[in-house]
file my_file33.cif (mmCIF, C-alpha atoms)
data_query
#
loop_
_atom_site.label_atom_id
_atom_site.label_comp_id
_atom_site.auth_asym_id
_atom_site.auth_seq_id
_atom_site.Cartn_x
_atom_site.Cartn_y
_atom_site.Cartn_z
CA MET K 1 203.73 99.91 -63.53
CA GLY K 2 206.82 98.84 -65.43
CA LYS K 3 208.79 95.64 -65.13
CA VAL K 4 211.17 95.22 -62.22
CA LYS K 5 214.73 95.31 -63.45
CA GLY K 6 216.35 91.87 -63.67
CA LYS K 7 213.04 89.92 -63.47
CA PRO K 8 211.05 88.53 -66.42
CA GLY K 9 207.67 89.93 -67.34
CA PRO K 10 204.33 88.14 -66.77
CA LEU K 11 204.22 86.88 -70.40
CA ALA K 12 207.78 85.54 -70.52
CA ARG K 13 206.76 82.00 -69.53
CA ARG K 14 203.94 81.69 -72.03
CA PRO K 15 204.56 78.69 -74.42
CA ASP K 16 205.05 79.35 -78.10
CA ASN K 17 201.96 79.53 -80.23
CA SER K 18 202.70 76.23 -82.01
CA ALA K 19 200.47 73.23 -82.69
CA PHE K 20 202.64 70.96 -80.52
CA LYS K 21 202.96 73.21 -77.46
CA GLN K 22 199.35 74.39 -77.66
CA GLN K 23 198.13 70.78 -78.13
CA ARG K 24 196.43 71.38 -81.46
CA LEU K 25 197.90 68.30 -83.18
CA PRO K 26 195.42 66.03 -84.96
CA ALA K 27 194.26 63.11 -82.80
CA TRP K 28 191.95 60.13 -83.02
CA SER K 29 189.84 58.96 -80.11
CA PRO K 30 188.20 55.58 -80.73
CA MET K 31 184.55 55.23 -79.78
CA LEU K 32 184.23 51.94 -77.93
CA THR K 33 180.90 50.35 -78.73
CA ALA K 34 179.51 46.86 -78.36
CA ASN K 35 179.82 46.30 -82.12
CA THR K 36 183.60 46.84 -81.94
CA VAL K 37 184.52 45.53 -78.48
CA LEU K 38 182.58 42.24 -78.41
CA PRO K 39 184.00 40.86 -81.72
CA PHE K 40 187.50 41.71 -80.49
CA PHE K 41 186.95 39.75 -77.24
CA TYR K 42 185.64 36.70 -79.13
CA PHE K 43 188.52 36.91 -81.60
CA MET K 44 191.12 37.02 -78.80
CA ALA K 45 189.43 34.09 -77.00
CA LEU K 46 189.52 32.02 -80.19
CA THR K 47 193.14 32.97 -80.89
CA CYS K 48 194.33 32.03 -77.39
CA MET K 49 192.40 28.78 -77.54
CA LEU K 50 193.93 27.77 -80.87
CA LEU K 51 197.43 28.64 -79.64
CA GLY K 52 196.89 26.69 -76.43
CA VAL K 53 195.64 23.58 -78.23
CA TRP K 54 198.50 23.77 -80.76
CA LEU K 55 201.15 24.11 -78.05
CA LEU K 56 199.54 21.36 -75.97
CA LEU K 57 199.66 18.94 -78.90
CA THR K 58 203.28 19.94 -79.53
CA VAL K 59 204.26 19.29 -75.91
CA GLN K 60 202.46 15.95 -75.83
CA SER K 61 204.44 14.80 -78.88
CA ILE K 62 207.65 15.01 -76.80
CA GLN K 63 208.88 11.65 -75.51
CA GLU K 64 210.43 11.70 -72.06
CA ILE K 65 211.70 9.04 -69.66
CA LYS K 66 212.58 9.87 -66.05
CA LEU K 67 214.53 7.43 -63.89
CA ASP K 68 215.10 8.08 -60.19
CA TYR K 69 218.34 6.28 -59.39
CA THR K 70 218.88 7.54 -55.84
CA GLU K 71 218.30 4.09 -54.40
CA ALA K 72 217.40 2.12 -57.54
CA GLY K 73 219.17 -1.04 -58.66
CA THR K 74 222.46 -1.50 -56.86
CA CYS K 75 222.66 2.25 -56.08
CA HIS K 76 221.11 1.71 -52.66
CA LEU K 77 224.52 0.38 -51.55
CA CYS K 78 226.22 3.59 -52.65
CA PHE K 79 223.42 5.62 -51.05
CA GLU K 80 224.09 3.99 -47.69
CA LYS K 81 227.84 4.36 -48.16
CA ARG K 82 227.57 8.10 -48.82
CA LYS K 83 225.80 8.62 -45.49
CA ASN K 84 229.19 8.32 -43.82
CA VAL K 85 231.26 11.45 -44.40
CA SER K 86 234.49 9.46 -44.03
CA ASN K 87 233.61 7.58 -47.26
CA ALA K 88 233.35 10.77 -49.33
CA ALA K 89 236.71 10.21 -51.04
CA GLN K 90 235.97 6.57 -51.91
CA THR K 91 234.51 5.79 -55.32
CA CYS K 92 231.29 3.81 -55.63
CA THR K 93 229.70 2.51 -58.81
CA CYS K 94 226.25 1.06 -59.37
CA THR K 95 224.04 -0.12 -62.22
CA VAL K 96 220.39 0.52 -63.01
CA VAL K 97 218.53 -1.47 -65.67
CA PHE K 98 215.41 -0.05 -67.32
CA PRO K 99 213.36 -0.61 -70.49
CA ILE K 100 212.41 1.79 -73.27
CA LYS K 101 209.09 0.48 -74.56
CA LYS K 102 208.72 2.99 -77.40
CA ALA K 103 211.66 4.18 -79.46
CA LEU K 104 212.81 7.77 -78.88
CA LYS K 105 213.06 9.15 -82.41
CA GLY K 106 215.30 12.01 -83.47
CA ASP K 107 217.76 13.86 -81.28
CA VAL K 108 217.77 12.53 -77.71
CA PHE K 109 219.07 14.63 -74.83
CA PHE K 110 220.49 13.15 -71.63
CA TYR K 111 219.94 15.20 -68.46
CA TYR K 112 220.74 14.67 -64.81
CA GLY K 113 218.25 16.02 -62.32
CA LEU K 114 218.23 17.02 -58.66
CA GLN K 115 215.30 17.52 -56.32
CA ASN K 116 215.20 19.74 -53.23
CA PHE K 117 218.55 21.36 -54.09
CA HIS K 118 218.20 25.14 -53.74
CA GLN K 119 220.60 26.86 -56.12
CA ASN K 120 218.57 30.06 -55.89
CA LEU K 121 219.63 31.07 -52.36
CA ARG K 122 221.19 34.53 -52.45
CA ARG K 123 224.28 33.71 -50.38
CA TYR K 124 224.87 30.58 -52.45
CA MET K 125 224.53 32.44 -55.76
CA ASP K 126 226.86 35.23 -54.59
CA SER K 127 229.54 32.76 -53.50
CA ARG K 128 231.59 32.86 -56.72
CA ASP K 129 234.24 35.00 -58.38
CA ASP K 130 233.26 35.97 -61.93
CA GLY K 131 236.58 37.78 -62.36
CA GLN K 132 238.38 34.53 -61.67
CA MET K 133 236.13 32.56 -64.04
CA VAL K 134 236.81 35.02 -66.84
CA GLY K 135 240.54 34.32 -66.61
CA ARG K 136 241.98 37.22 -64.61
CA LYS K 137 245.25 36.07 -63.09
CA LYS K 138 245.07 38.46 -60.14
CA ASN K 139 241.74 36.86 -59.11
CA LEU K 140 243.34 33.45 -59.51
CA LYS K 141 245.85 34.15 -56.76
CA ALA K 142 243.59 36.44 -54.71
CA PRO K 143 239.93 35.34 -54.99
CA SER K 144 237.08 37.70 -54.26
CA SER K 145 235.77 37.96 -50.71
CA TYR K 146 232.40 36.81 -52.06
CA CYS K 147 233.83 33.26 -52.02
CA ALA K 148 233.92 33.51 -48.22
CA LEU K 149 234.39 30.07 -46.63
CA PHE K 150 235.44 28.51 -49.94
CA MET K 151 238.20 30.97 -50.75
CA ASN K 152 241.27 29.14 -49.36
CA ASP K 153 242.04 25.55 -48.49
CA PRO K 154 243.27 24.49 -44.99
CA ASN K 155 246.87 25.16 -46.13
CA GLY K 156 246.06 28.73 -47.12
CA LEU K 157 246.26 28.19 -50.89
CA PRO K 158 243.69 30.06 -53.00
CA ILE K 159 240.96 27.82 -54.40
CA ALA K 160 240.27 27.78 -58.13
CA PRO K 161 237.42 27.95 -58.87
CA CYS K 162 236.38 29.38 -55.53
CA GLY K 163 232.95 29.69 -53.97
CA ALA K 164 230.07 27.50 -52.87
CA VAL K 165 228.62 27.11 -56.36
CA ALA K 166 231.74 25.53 -57.83
CA ASN K 167 232.44 23.57 -54.66
CA SER K 168 229.07 21.79 -54.87
CA ILE K 169 229.40 20.73 -58.53
CA PHE K 170 227.47 17.62 -59.52
CA ASN K 171 230.10 14.92 -60.06
CA ASP K 172 228.19 11.74 -60.86
CA SER K 173 229.09 10.27 -64.25
CA PHE K 174 227.08 7.94 -66.46
CA THR K 175 227.65 5.27 -69.10
CA LEU K 176 224.52 4.28 -71.01
CA THR K 177 224.40 0.83 -72.63
CA TYR K 178 221.87 -0.63 -75.07
CA ARG K 179 221.05 -4.30 -74.55
CA GLY K 180 219.28 -5.29 -77.74
CA PRO K 181 217.46 -8.55 -78.41
CA ARG K 182 220.40 -9.78 -80.49
CA GLY K 183 224.11 -9.40 -80.16
CA PRO K 184 226.26 -8.06 -77.33
CA PRO K 185 225.52 -4.87 -75.35
CA VAL K 186 226.31 -1.68 -77.27
CA PRO K 187 227.53 1.50 -75.50
CA VAL K 188 225.33 4.48 -76.34
CA PRO K 189 227.55 7.28 -77.70
CA LEU K 190 226.95 10.66 -76.07
CA LEU K 191 228.33 14.01 -77.19
CA ARG K 192 229.73 15.52 -74.02
CA LYS K 193 231.05 18.74 -75.58
CA SER K 194 229.33 21.78 -77.08
CA ILE K 195 226.48 21.55 -74.56
CA THR K 196 226.97 25.15 -73.44
CA TRP K 197 225.89 28.48 -74.90
CA TYR K 198 228.10 30.43 -77.28
CA THR K 199 228.39 33.36 -74.87
CA ASP K 200 229.59 31.03 -72.11
CA LYS K 201 232.89 30.00 -73.68
CA ASN K 202 233.45 33.26 -75.52
CA VAL K 203 232.40 35.86 -72.94
CA LYS K 204 231.69 34.60 -69.41
CA TYR K 205 234.26 31.81 -68.99
CA ARG K 206 237.87 31.77 -70.13
CA ASN K 207 241.10 30.25 -68.94
CA PRO K 208 243.96 32.57 -67.93
CA LYS K 209 246.36 33.33 -70.77
CA HIS K 210 249.04 30.67 -70.68
CA ASP K 211 250.96 31.13 -73.97
CA ASN K 212 253.57 28.32 -73.88
CA MET K 213 252.62 27.02 -70.44
CA THR K 214 250.36 24.10 -69.66
CA LEU K 215 247.17 24.55 -67.67
CA ALA K 216 248.78 22.72 -64.76
CA GLN K 217 251.53 25.35 -64.70
CA VAL K 218 248.99 28.18 -64.93
CA PHE K 219 247.05 26.86 -61.94
CA GLU K 220 250.21 26.14 -59.96
CA GLY K 221 249.93 27.61 -56.47
CA THR K 222 246.16 27.11 -56.32
CA ALA K 223 244.10 24.37 -54.73
CA GLN K 224 241.08 22.44 -55.95
CA PRO K 225 237.71 23.00 -54.24
CA LEU K 226 237.33 21.14 -50.97
CA TYR K 227 234.78 18.60 -52.22
CA TRP K 228 236.41 17.96 -55.62
CA GLN K 229 238.24 14.76 -56.43
CA LYS K 230 240.52 16.30 -59.07
CA PRO K 231 241.85 19.79 -59.90
CA VAL K 232 240.14 22.01 -62.42
CA TYR K 233 242.78 21.43 -65.11
CA GLU K 234 242.07 17.66 -65.07
CA LEU K 235 238.27 17.67 -65.26
CA ASP K 236 238.31 15.97 -68.67
CA PRO K 237 241.25 13.54 -68.99
CA HIS K 238 240.29 12.69 -72.59
CA ASP K 239 240.32 16.23 -73.99
CA PRO K 240 242.85 18.83 -72.74
CA ASN K 241 240.87 21.56 -74.51
CA ASN K 242 237.90 20.87 -72.25
CA ASN K 243 239.66 21.61 -68.98
CA GLY K 244 239.95 24.59 -66.70
CA PHE K 245 237.22 27.19 -66.52
CA ILE K 246 235.94 26.29 -70.02
CA ASN K 247 234.93 22.75 -69.06
CA ASP K 248 231.39 22.12 -70.31
CA ASP K 249 230.17 20.34 -67.17
CA LEU K 250 231.49 23.13 -64.95
CA ILE K 251 229.85 25.84 -67.06
CA VAL K 252 226.50 24.03 -67.10
CA TRP K 253 226.59 23.67 -63.31
CA MET K 254 227.57 27.32 -62.74
CA ARG K 255 224.35 28.43 -64.44
CA GLU K 256 222.16 28.36 -61.32
CA ALA K 257 218.65 26.94 -61.48
CA ALA K 258 215.67 29.04 -60.44
CA PHE K 259 213.75 26.25 -58.71
CA PRO K 260 214.75 23.52 -56.22
CA ASN K 261 213.80 20.74 -58.65
CA PHE K 262 215.78 21.06 -61.88
CA LYS K 263 217.66 19.19 -64.56
CA LYS K 264 220.86 20.04 -66.40
CA LEU K 265 222.20 18.80 -69.71
CA TYR K 266 224.77 15.99 -69.52
CA GLY K 267 225.07 14.91 -73.15
CA VAL K 268 223.38 14.49 -76.53
CA LEU K 269 222.96 11.24 -78.44
CA TYR K 270 225.55 10.89 -81.22
CA ARG K 271 223.57 9.50 -84.16
CA ALA K 272 226.41 8.57 -86.50
CA SER K 273 226.28 4.78 -86.26
CA LYS K 274 223.69 2.04 -86.04
CA PRO K 275 221.48 1.27 -84.21
CA PHE K 276 221.25 4.93 -83.08
CA THR K 277 220.95 6.72 -86.42
CA ASN K 278 217.21 7.31 -85.89
CA GLY K 279 217.37 7.77 -82.11
CA LEU K 280 217.22 5.34 -79.22
CA PRO K 281 215.57 2.07 -80.28
CA ALA K 282 213.14 0.24 -78.02
CA GLY K 283 214.68 -2.38 -75.76
CA ASN K 284 216.47 -2.82 -72.47
CA TYR K 285 219.10 -0.36 -71.29
CA SER K 286 221.46 -0.09 -68.36
CA ILE K 287 223.23 2.88 -66.81
CA ASP K 288 226.56 2.43 -65.05
CA ILE K 289 226.80 5.27 -62.56
CA SER K 290 229.83 6.62 -60.74
CA TYR K 291 227.89 7.50 -57.59
CA ASN K 292 229.70 10.46 -55.99
CA PHE K 293 227.19 13.22 -55.28
CA PRO K 294 225.54 12.81 -51.83
CA VAL K 295 221.91 13.91 -51.44
CA GLN K 296 221.10 12.64 -47.93
CA TYR K 297 222.15 15.88 -46.24
CA PHE K 298 219.46 17.96 -47.94
CA ARG K 299 216.88 15.16 -48.35
CA GLY K 300 217.24 15.25 -52.10
CA ARG K 301 216.77 12.83 -54.94
CA LYS K 302 218.75 12.17 -58.12
CA GLU K 303 217.43 11.20 -61.53
CA VAL K 304 218.36 10.88 -65.17
CA VAL K 305 216.08 12.15 -67.91
CA LEU K 306 216.05 10.98 -71.53
CA THR K 307 213.95 13.24 -73.71
CA THR K 308 213.35 14.47 -77.23
CA LEU K 309 212.83 18.14 -78.02
CA THR K 310 210.75 20.17 -80.43
CA TRP K 311 210.96 23.76 -81.62
CA PHE K 312 209.04 24.60 -78.42
CA GLY K 313 211.72 23.05 -76.21
CA GLY K 314 211.20 20.41 -73.54
CA GLN K 315 208.09 18.99 -71.94
CA ASN K 316 206.59 22.04 -70.24
CA HIS K 317 202.81 22.40 -69.96
CA PHE K 318 202.81 25.86 -68.37
CA LEU K 319 202.50 27.98 -71.53
CA PRO K 320 199.75 25.95 -73.28
CA ILE K 321 197.73 25.77 -70.05
CA ALA K 322 198.22 29.52 -69.55
CA TYR K 323 196.86 30.18 -73.06
CA LEU K 324 193.85 27.93 -72.46
CA VAL K 325 193.04 29.54 -69.10
CA THR K 326 193.38 33.02 -70.63
CA SER K 327 191.08 31.97 -73.46
CA CYS K 328 188.42 30.80 -71.00
CA LEU K 329 188.63 34.03 -68.98
CA ILE K 330 188.33 36.23 -72.08
CA LEU K 331 185.40 34.13 -73.34
CA LEU K 332 183.66 34.44 -69.98
CA ILE K 333 184.08 38.22 -70.00
CA ALA K 334 182.81 38.38 -73.57
CA VAL K 335 179.67 36.37 -72.70
CA VAL K 336 178.95 38.55 -69.65
CA LEU K 337 179.32 41.72 -71.73
CA THR K 338 177.11 40.27 -74.46
CA VAL K 339 174.35 39.42 -71.97
CA ALA K 340 174.58 42.88 -70.40
CA TRP K 341 174.42 44.53 -73.83
CA CYS K 342 171.42 42.44 -74.94
CA LYS K 343 169.55 43.18 -71.74
CA PHE K 344 170.30 46.86 -71.20
CA GLY K 345 171.91 48.51 -74.21
CA LYS K 346 170.64 46.81 -77.35
CA ASN K 347 167.54 48.98 -77.67
CA GLY K 348 169.43 52.17 -76.98
CA LYS K 349 168.19 52.54 -73.44
CA ASN K 350 171.78 52.49 -72.15
CA MET K 351 170.74 51.18 -68.76
CA GLU K 352 168.59 54.25 -68.01
CA GLU K 353 165.71 52.24 -66.60
#

call {"tool": "encode", "arguments": {"input": "my_file33.cif", "output": "structure tokens"}}
result
Amino acid sequence: MGKVKGKPGPLARRPDNSAFKQQRLPAWSPMLTANTVLPFFYFMALTCMLLGVWLLLTVQSIQEIKLDYTEAGTCHLCFEKRKNVSNAAQTCTCTVVFPIKKALKGDVFFYYGLQNFHQNLRRYMDSRDDGQMVGRKKNLKAPSSYCALFMNDPNGLPIAPCGAVANSIFNDSFTLTYRGPRGPPVPVPLLRKSITWYTDKNVKYRNPKHDNMTLAQVFEGTAQPLYWQKPVYELDPHDPNNNGFINDDLIVWMREAAFPNFKKLYGVLYRASKPFTNGLPAGNYSIDISYNFPVQYFRGRKEVVLTTLTWFGGQNHFLPIAYLVTSCLILLIAVVLTVAWCKFGKNGKNMEE
């Protein structure tokens, strides 16, 4: 019988007679034996153990001081004052005195920390307008619907920056003072700028183009977030170039934390003058705190963290412990396989009996 007109023949779908399509390419299949597998397991166990010990020693060399100031020192007065919502607009300052028994050598980083504050809730994270934060003027006057309840103020003016994330910005401020054994107290200089990533100020956050106008004129017709004490163009009264959507503190806060207990960078020790050229010397210190951020409503706590860093980063024991646990598991598997091989397969019986 001949081929039906218009339909391919029975051999039309046959692949070409090539090495690739006929699967005749050269290949190598390793033969897994005890002499090759067991040394590999022991080598990996030793490698993970050495890495874990090395990272653990690196982490333990980091010096860190945590100070919970929620109700410490004179801050308990501000804590009680902030329980009353009617006192939210009133300023309250307090002082906490603490010692540093061992000098913090090298670069010292100043963090503020919050506990039980969930920045990872989906509705909270979505409540922002990235188009507005990148400097689009149309979003400035007409914020995204994602901002929801924090889109307009009671007078109907659009809020800039809008959303729950910006509205809840951490607004405590700190002044650290060194009280040495001799001489008067010395303010500890902190670098409050350049604490953000390069991509933040060059990609994700930009002020609207204002040419010959001031930032106040650019943001005219907008309102500050409901819980803010000053508009966005006055966040840093000492540096006009650190205002608006490119303010360092605002950018750091807008990077949401993954866990309810977190810390965010506030400043870095400026080591240009004595006695701070080598770090923070041992002695007594005090922190003057502008106590503004309330934590009673979510049963939270506030703290400051002074820490040094290494190439590995901050004090985090997760990775070295993970390496050590992995090393123990691999070593255990290797020992079990070795015992099984010695008992059943060493003499070539291959577990036949």

call {"tool": "residues_near_point", "arguments": {"input": "my_file33.cif", "point": "(220.3, 0.1, -59.0)", "cutoff": "12 Å", "atoms": "all atoms listed in the file", "output": "ChimeraX atom specification"}}
result
/K:67-79,93-98,286-291,303

call {"tool": "residues_near_point", "arguments": {"input": "my_file33.cif", "point": "(186.4, 36.9, -73.8)", "cutoff": "12 Å", "atoms": "only C-alpha atoms", "output": "MDAnalysis selection string"}}
result
chainID K and resid 37:49 324:338

call {"tool": "closest_residue", "arguments": {"input": "my_file33.cif", "among": "K:Ala142, K:Ala164, K:Ile62, K:Leu56", "to": "K:Thr222", "atoms": "all atoms listed in the file"}}
result
K:Ala142

call {"tool": "closest_residue", "arguments": {"input": "my_file33.cif", "among": "K:Pro281, K:Pro275, K:Pro184, K:Pro154", "to": "K:Leu226", "atoms": "all atoms listed in the file"}}
result
K:Pro154

call {"tool": "closest_atom_pairs", "arguments": {"input": "my_file33.cif", "of": "stretch 161-207 of chain K", "to": "stretch 108-132 of chain K", "cutoff": "12 Å", "atoms": "only C-alpha atoms", "output": "CSV"}}
result
residue,atom,partner,partner_atom,distance
K:Pro161,CA,K:Gln132,CA,7.2
K:Cys162,CA,K:Arg128,CA,6.0
K:Gly163,CA,K:Arg128,CA,4.4
K:Ala164,CA,K:Ser127,CA,5.3
K:Val165,CA,K:Ser127,CA,6.4
K:Ala166,CA,K:Arg128,CA,7.4
K:Asn167,CA,K:Arg128,CA,9.6
K:Ser168,CA,K:Gln119,CA,10.0
K:Ile169,CA,K:Gln119,CA,11.0
K:Phe170,CA,K:Tyr112,CA,9.1
K:Asn171,CA,K:Tyr112,CA,10.5
K:Asp172,CA,K:Tyr112,CA,8.9
K:Ser173,CA,K:Tyr112,CA,9.5
K:Phe174,CA,K:Tyr112,CA,9.4
K:Thr175,CA,K:Phe110,CA,10.9
K:Leu176,CA,K:Phe110,CA,9.8
K:Val188,CA,K:Phe110,CA,11.0
K:Pro189,CA,K:Phe110,CA,11.0
K:Leu190,CA,K:Phe110,CA,8.2
K:Leu191,CA,K:Phe109,CA,9.6
K:Arg192,CA,K:Phe110,CA,9.8
K:Ile195,CA,K:Phe109,CA,10.1
K:Asp200,CA,K:Asp130,CA,11.9
K:Val203,CA,K:Asp130,CA,11.0
K:Lys204,CA,K:Asp130,CA,7.8
K:Tyr205,CA,K:Asp130,CA,8.3
K:Arg206,CA,K:Gln132,CA,8.9
K:Asn207,CA,K:Gln132,CA,8.9

call {"tool": "atom_distance", "arguments": {"input": "my_file33.cif", "atom1": "atom CA of K:Gly279", "atom2": "atom CA of K:Glu64"}}
result
12.8 Å
